[in-house]
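One file, run.pdb, is given below (PDB, C-alpha atoms).
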ATOM      1  CA  MET A   1      23.834   4.884  10.220  1.00  0.00           C
ATOM      2  CA  PRO A   2      24.726   1.750   8.287  1.00  0.00           C
ATOM      3  CA  TYR A   3      22.925   0.997   5.047  1.00  0.00           C
ATOM      4  CA  GLN A   4      21.207  -2.098   6.479  1.00  0.00           C
ATOM      5  CA  THR A   5      19.599  -0.031   9.237  1.00  0.00           C
ATOM      6  CA  LEU A   6      18.417   2.546   6.714  1.00  0.00           C
ATOM      7  CA  ALA A   7      17.073  -0.210   4.447  1.00  0.00           C
ATOM      8  CA  ASP A   8      15.227  -1.784   7.382  1.00  0.00           C
ATOM      9  CA  THR A   9      13.785   1.635   8.262  1.00  0.00           C
ATOM     10  CA  VAL A  10      12.493   2.039   4.694  1.00  0.00           C
ATOM     11  CA  LEU A  11      11.065  -1.498   4.871  1.00  0.00           C
ATOM     12  CA  LEU A  12       9.189  -0.625   8.067  1.00  0.00           C
ATOM     13  CA  LEU A  13       7.900   2.599   6.492  1.00  0.00           C
ATOM     14  CA  HIS A  14       6.776   0.608   3.447  1.00  0.00           C
ATOM     15  CA  PHE A  15       5.047  -1.917   5.698  1.00  0.00           C
ATOM     16  CA  GLY A  16       3.265   0.964   7.451  1.00  0.00           C
ATOM     17  CA  VAL A  17       2.046   2.332   4.114  1.00  0.00           C
ATOM     18  CA  VAL A  18       0.756  -1.132   3.149  1.00  0.00           C
ATOM     19  CA  LEU A  19      -1.082  -1.422   6.471  1.00  0.00           C
ATOM     20  CA  PHE A  20      -2.529   2.083   6.047  1.00  0.00           C
ATOM     21  CA  VAL A  21      -3.870   1.192   2.593  1.00  0.00           C
ATOM     22  CA  LEU A  22      -5.188  -2.248   3.557  1.00  0.00           C
ATOM     23  CA  LEU A  23      -6.618  -1.438   6.982  1.00  0.00           C
ATOM     24  CA  GLY A  24      -7.838   2.038   6.050  1.00  0.00           C
ATOM     25  CA  LEU A  25     -10.853   0.754   4.141  1.00  0.00           C
ATOM     26  CA  PRO A  26     -12.225  -1.496   6.902  1.00  0.00           C
ATOM     27  CA  ALA A  27     -11.482   1.271   9.413  1.00  0.00           C
ATOM     28  CA  ILE A  28     -13.591   3.691   7.340  1.00  0.00           C
ATOM     29  CA  ILE A  29     -16.493   1.277   7.034  1.00  0.00           C
ATOM     30  CA  ILE A  30     -16.418   0.053  10.642  1.00  0.00           C
ATOM     31  CA  GLY A  31     -15.694   3.538  11.960  1.00  0.00           C
ATOM     32  CA  ASN A  32     -18.774   4.933  10.265  1.00  0.00           C
ATOM     33  CA  LYS A  33     -20.919   2.177  11.742  1.00  0.00           C
ATOM     34  CA  VAL A  34     -19.631   2.721  15.288  1.00  0.00           C
ATOM     35  CA  GLY A  35     -19.299   6.510  15.192  1.00  0.00           C
ATOM     36  CA  TRP A  36     -15.561   7.163  14.894  1.00  0.00           C
ATOM     37  CA  SER A  37     -15.460  10.677  13.486  1.00  0.00           C
ATOM     38  CA  TRP A  38     -11.718  10.600  12.712  1.00  0.00           C
ATOM     39  CA  VAL A  39     -12.247   8.082   9.882  1.00  0.00           C
ATOM     40  CA  ASN A  40     -14.025  10.793   7.886  1.00  0.00           C
ATOM     41  CA  GLY A  41     -11.359  13.444   8.335  1.00  0.00           C
ATOM     42  CA  PHE A  42     -10.642  14.915   4.922  1.00  0.00           C
ATOM     43  CA  GLY A  43      -6.860  14.563   5.301  1.00  0.00           C
ATOM     44  CA  VAL A  44      -7.058  10.904   6.305  1.00  0.00           C
ATOM     45  CA  ARG A  45      -9.482  10.090   3.510  1.00  0.00           C
ATOM     46  CA  LEU A  46      -7.531  11.995   0.854  1.00  0.00           C
ATOM     47  CA  ALA A  47      -4.257  10.349   1.909  1.00  0.00           C
ATOM     48  CA  HIS A  48      -5.918   6.924   1.759  1.00  0.00           C
ATOM     49  CA  LEU A  49      -7.443   7.533  -1.667  1.00  0.00           C
ATOM     50  CA  LEU A  50      -4.195   8.920  -3.097  1.00  0.00           C
ATOM     51  CA  ALA A  51      -2.188   6.019  -1.673  1.00  0.00           C
ATOM     52  CA  ILE A  52      -4.263   3.346  -3.414  1.00  0.00           C
ATOM     53  CA  VAL A  53      -4.422   5.364  -6.646  1.00  0.00           C
ATOM     54  CA  VAL A  54      -0.607   5.579  -6.686  1.00  0.00           C
ATOM     55  CA  VAL A  55      -0.245   1.851  -5.913  1.00  0.00           C
ATOM     56  CA  ALA A  56      -2.675   0.818  -8.657  1.00  0.00           C
ATOM     57  CA  LEU A  57      -1.181   3.233 -11.180  1.00  0.00           C
ATOM     58  CA  GLN A  58       2.345   1.984 -10.494  1.00  0.00           C
ATOM     59  CA  ALA A  59       1.200  -1.604 -10.982  1.00  0.00           C
ATOM     60  CA  TRP A  60      -0.553  -0.846 -14.282  1.00  0.00           C
ATOM     61  CA  LEU A  61       2.533   1.014 -15.488  1.00  0.00           C
ATOM     62  CA  GLU A  62       4.661  -1.942 -14.329  1.00  0.00           C
ATOM     63  CA  GLN A  63       6.726   0.346 -12.116  1.00  0.00           C
ATOM     64  CA  TYR A  64       8.079  -0.625  -8.741  1.00  0.00           C
ATOM     65  CA  CYS A  65       7.252   1.470  -5.713  1.00  0.00           C
ATOM     66  CA  PRO A  66       9.883   4.142  -4.975  1.00  0.00           C
ATOM     67  CA  LEU A  67      10.185   2.703  -1.467  1.00  0.00           C
ATOM     68  CA  THR A  68      11.081  -0.699  -2.946  1.00  0.00           C
ATOM     69  CA  ILE A  69      13.663   0.943  -5.191  1.00  0.00           C
ATOM     70  CA  LEU A  70      15.159   2.917  -2.292  1.00  0.00           C
ATOM     71  CA  GLU A  71      15.271  -0.105  -0.004  1.00  0.00           C
ATOM     72  CA  SER A  72      16.918  -2.238  -2.702  1.00  0.00           C
ATOM     73  CA  TRP A  73      19.505   0.484  -3.382  1.00  0.00           C
ATOM     74  CA  LEU A  74      20.309   0.764   0.315  1.00  0.00           C
ATOM     75  CA  ARG A  75      20.662  -3.003   0.615  1.00  0.00           C
ATOM     76  CA  ARG A  76      23.002  -3.121  -2.394  1.00  0.00           C
ATOM     77  CA  GLN A  77      25.097  -0.326  -0.883  1.00  0.00           C
ATOM     78  CA  GLY A  78      25.354  -2.366   2.310  1.00  0.00           C
ATOM     79  CA  GLY A  79      26.336  -5.525   0.432  1.00  0.00           C
ATOM     80  CA  GLN A  80      23.014  -7.304   0.959  1.00  0.00           C
ATOM     81  CA  SER A  81      20.932  -9.153  -1.600  1.00  0.00           C
ATOM     82  CA  VAL A  82      17.819  -7.445  -2.953  1.00  0.00           C
ATOM     83  CA  TYR A  83      14.385  -8.576  -4.013  1.00  0.00           C
ATOM     84  CA  ALA A  84      14.094 -10.342  -7.356  1.00  0.00           C
ATOM     85  CA  SER A  85      10.595  -8.867  -7.728  1.00  0.00           C
ATOM     86  CA  SER A  86       8.515  -6.068  -6.242  1.00  0.00           C
ATOM     87  CA  PHE A  87       8.022  -5.640  -2.486  1.00  0.00           C
ATOM     88  CA  ILE A  88       4.435  -6.891  -2.653  1.00  0.00           C
ATOM     89  CA  GLU A  89       5.240  -9.866  -4.895  1.00  0.00           C
ATOM     90  CA  HIS A  90       8.119 -10.865  -2.631  1.00  0.00           C
ATOM     91  CA  TRP A  91       6.061 -10.867   0.564  1.00  0.00           C
ATOM     92  CA  VAL A  92       2.909 -12.328  -0.968  1.00  0.00           C
ATOM     93  CA  GLN A  93       5.002 -15.192  -2.323  1.00  0.00           C
ATOM     94  CA  ARG A  94       6.579 -15.762   1.071  1.00  0.00           C
ATOM     95  CA  VAL A  95       3.271 -15.754   2.929  1.00  0.00           C
ATOM     96  CA  LEU A  96       1.032 -17.537   0.429  1.00  0.00           C
ATOM     97  CA  TYR A  97       3.547 -19.357  -1.784  1.00  0.00           C
ATOM     98  CA  TYR A  98       1.681 -17.915  -4.708  1.00  0.00           C
ATOM     99  CA  GLU A  99       3.138 -16.513  -7.883  1.00  0.00           C
ATOM    100  CA  ALA A 100       1.223 -14.314 -10.308  1.00  0.00           C
ATOM    101  CA  PRO A 101       1.977 -11.905 -13.128  1.00  0.00           C
ATOM    102  CA  LEU A 102       2.088  -8.223 -12.291  1.00  0.00           C
ATOM    103  CA  TRP A 103      -1.241  -7.600 -14.074  1.00  0.00           C
ATOM    104  CA  VAL A 104      -2.983  -9.781 -11.449  1.00  0.00           C
ATOM    105  CA  PHE A 105      -1.733  -7.507  -8.693  1.00  0.00           C
ATOM    106  CA  ALA A 106      -2.674  -4.455 -10.765  1.00  0.00           C
ATOM    107  CA  THR A 107      -6.213  -5.823 -11.113  1.00  0.00           C
ATOM    108  CA  ILE A 108      -6.458  -6.486  -7.373  1.00  0.00           C
ATOM    109  CA  TYR A 109      -5.146  -2.993  -6.555  1.00  0.00           C
ATOM    110  CA  THR A 110      -7.620  -1.454  -8.984  1.00  0.00           C
ATOM    111  CA  GLY A 111     -10.518  -3.403  -7.476  1.00  0.00           C
ATOM    112  CA  PHE A 112      -9.444  -2.317  -4.017  1.00  0.00           C
ATOM    113  CA  GLY A 113      -9.147   1.257  -5.279  1.00  0.00           C
ATOM    114  CA  LEU A 114     -12.708   1.087  -6.578  1.00  0.00           C
ATOM    115  CA  LEU A 115     -13.834  -0.031  -3.115  1.00  0.00           C
ATOM    116  CA  VAL A 116     -12.039   2.991  -1.647  1.00  0.00           C
ATOM    117  CA  VAL A 117     -13.868   5.248  -4.135  1.00  0.00           C
ATOM    118  CA  TRP A 118     -17.148   3.579  -3.156  1.00  0.00           C
ATOM    119  CA  ALA A 119     -16.371   4.251   0.534  1.00  0.00           C
ATOM    120  CA  TRP A 120     -15.597   7.876  -0.377  1.00  0.00           C
ATOM    121  CA  TRP A 121     -19.061   8.137  -1.935  1.00  0.00           C
ATOM    122  CA  ARG A 122     -20.897   6.065   0.718  1.00  0.00           C
ATOM    123  CA  TYR A 123     -19.185   7.718   3.695  1.00  0.00           C
ATOM    124  CA  PRO A 124     -18.068  11.146   2.437  1.00  0.00           C
ATOM    125  CA  PRO A 125     -15.158  12.789   4.221  1.00  0.00           C
ATOM    126  CA  GLN A 126     -15.890  15.747   6.447  1.00  0.00           C
ATOM    127  CA  VAL A 127     -14.010  19.000   6.013  1.00  0.00           C
ATOM    128  CA  SER A 128     -13.030  20.562   9.340  1.00  0.00           C
ATOM    129  CA  LYS A 129     -14.512  23.964  10.043  1.00  0.00           C
TER
END
What is this structure when it is put down as structure tokens?
Amino acid sequence: MPYQTLADTVLLLHFGVVLFVLLGLPAIIIGNKVGWSWVNGFGVRLAHLLAIVVVALQAWLEQYCPLTILESWLRRQGGQSVYASSFIEHWVQRVLYYEAPLWVFATIYTGFGLLVVWAWWRYPPQVSK
């Protein structure tokens, strides 16, 4: 497989992780209101909590996501240009034309993480028997 295809695959995986983190919280809240039992599965909830904790921690430590690093490496190997900033900064800038220091994103991730913790408390996960 050429490097560009591998880089695009990593980008799609990264996009899926972002969607999982962002859409997981509303899915938990809405799912509990409409009776979706899967949203309280312990594995789903633990994966969601760990994902946002890792994202927030990376931002506070000013570290790029390993998926961003891998994608950039693959693009360089294939002779493509890479992001000048993190994955999230790059796409947020493209969509919203907004630029902010990394600490702003870290604060947003932390706030979102606190909402995920609140959802964990408000709608506790269920351990399968």
For CA of Val10 (chain A) and CA of Ser72 (chain A), the interatomic separation in Å (one decimal):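 Straight-line distance from CA of Val10 (chain A) to CA of Ser72 (chain A) works out to 9.6 Å.
Nearest-residue note for Thr9 (chain A): choosing from A:Arg75, A:Thr107, A:Trp118, A:Gln80, the minimum distance belongs to A:Arg75, counting all atoms listed in the file.
Put simply, the PyMOL selection byres ((chain A and resi 120) around 10) on this file hits Leu25, Ile28, Ile29, Asn40, Arg45, Leu46, His48, Leu49, Leu114, Leu115, Val116, Val117, Trp118, Ala119, Trp121, Arg122, Tyr123, Pro124 and Pro125 of chain A.
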Explicit residues for the PyMOL selection byres ((chain A and resi 4) around 8) (as a ChimeraX atom specification): /A:2-3,5-8,74-75,78,80
Could you save those same residues with C-alpha atoms as a compact mmCIF listing (two decimals), in the frame of the given file?
# COMPACT_ATOMS: atom_id res chain seq x y z
CA PRO A 2 24.73 1.75 8.29
CA TYR A 3 22.92 1.00 5.05
CA THR A 5 19.60 -0.03 9.24
CA LEU A 6 18.42 2.55 6.71
CA ALA A 7 17.07 -0.21 4.45
CA ASP A 8 15.23 -1.78 7.38
CA LEU A 74 20.31 0.76 0.32
CA ARG A 75 20.66 -3.00 0.62
CA GLY A 78 25.35 -2.37 2.31
CA GLN A 80 23.01 -7.30 0.96
Reference answer for the PyMOL selection byres ((chain A and resi 54-71) around 7), as a PyMOL selection string: chain A and resi 7+10-11+14+50-53+72-75+86-87+102-103+105-106+109-110
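The space between CA of Trp38 (chain A) and CA of Gln126 (chain A) spans 9.1 Å.
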Interatomic distance (Å, one decimal) between CA of Ala100 (chain A) and CA of Leu12 (chain A):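 Interatomic distance here is 24.3 Å.
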Is it possible to add N, CA and C atoms to region 110-122 of chain A and hand it back as a short mmCIF file (atom, residue, chain, number, x, y, z; two decimals), keeping the file's coordinate frame?
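Written file, selection_34.cif:
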data_model
loop_
_atom_site.label_atom_id
_atom_site.label_comp_id
_atom_site.auth_asym_id
_atom_site.auth_seq_id
_atom_site.Cartn_x
_atom_site.Cartn_y
_atom_site.Cartn_z
N THR A 110 -6.57 -2.27 -8.37
CA THR A 110 -7.62 -1.45 -8.98
C THR A 110 -8.97 -1.76 -8.35
N GLY A 111 -9.26 -3.03 -8.14
CA GLY A 111 -10.52 -3.40 -7.48
C GLY A 111 -10.60 -2.82 -6.08
N PHE A 112 -9.48 -2.89 -5.35
CA PHE A 112 -9.44 -2.32 -4.02
C PHE A 112 -9.63 -0.81 -4.09
N GLY A 113 -8.99 -0.19 -5.08
CA GLY A 113 -9.15 1.26 -5.28
C GLY A 113 -10.59 1.64 -5.54
N LEU A 114 -11.29 0.82 -6.32
CA LEU A 114 -12.71 1.09 -6.58
C LEU A 114 -13.53 0.98 -5.30
N LEU A 115 -13.16 0.06 -4.42
CA LEU A 115 -13.83 -0.03 -3.12
C LEU A 115 -13.57 1.22 -2.29
N VAL A 116 -12.36 1.75 -2.37
CA VAL A 116 -12.04 2.99 -1.65
C VAL A 116 -12.86 4.15 -2.20
N VAL A 117 -13.02 4.21 -3.52
CA VAL A 117 -13.87 5.25 -4.14
C VAL A 117 -15.31 5.08 -3.69
N TRP A 118 -15.79 3.84 -3.63
CA TRP A 118 -17.15 3.58 -3.16
C TRP A 118 -17.31 4.09 -1.71
N ALA A 119 -16.30 3.80 -0.86
CA ALA A 119 -16.37 4.25 0.53
C ALA A 119 -16.36 5.77 0.60
N TRP A 120 -15.62 6.41 -0.32
CA TRP A 120 -15.60 7.88 -0.38
C TRP A 120 -17.00 8.40 -0.66
N TRP A 121 -17.69 7.74 -1.57
CA TRP A 121 -19.06 8.14 -1.94
C TRP A 121 -20.05 7.77 -0.82
N ARG A 122 -19.94 6.56 -0.29
CA ARG A 122 -20.90 6.06 0.72
C ARG A 122 -20.74 6.78 2.06
#
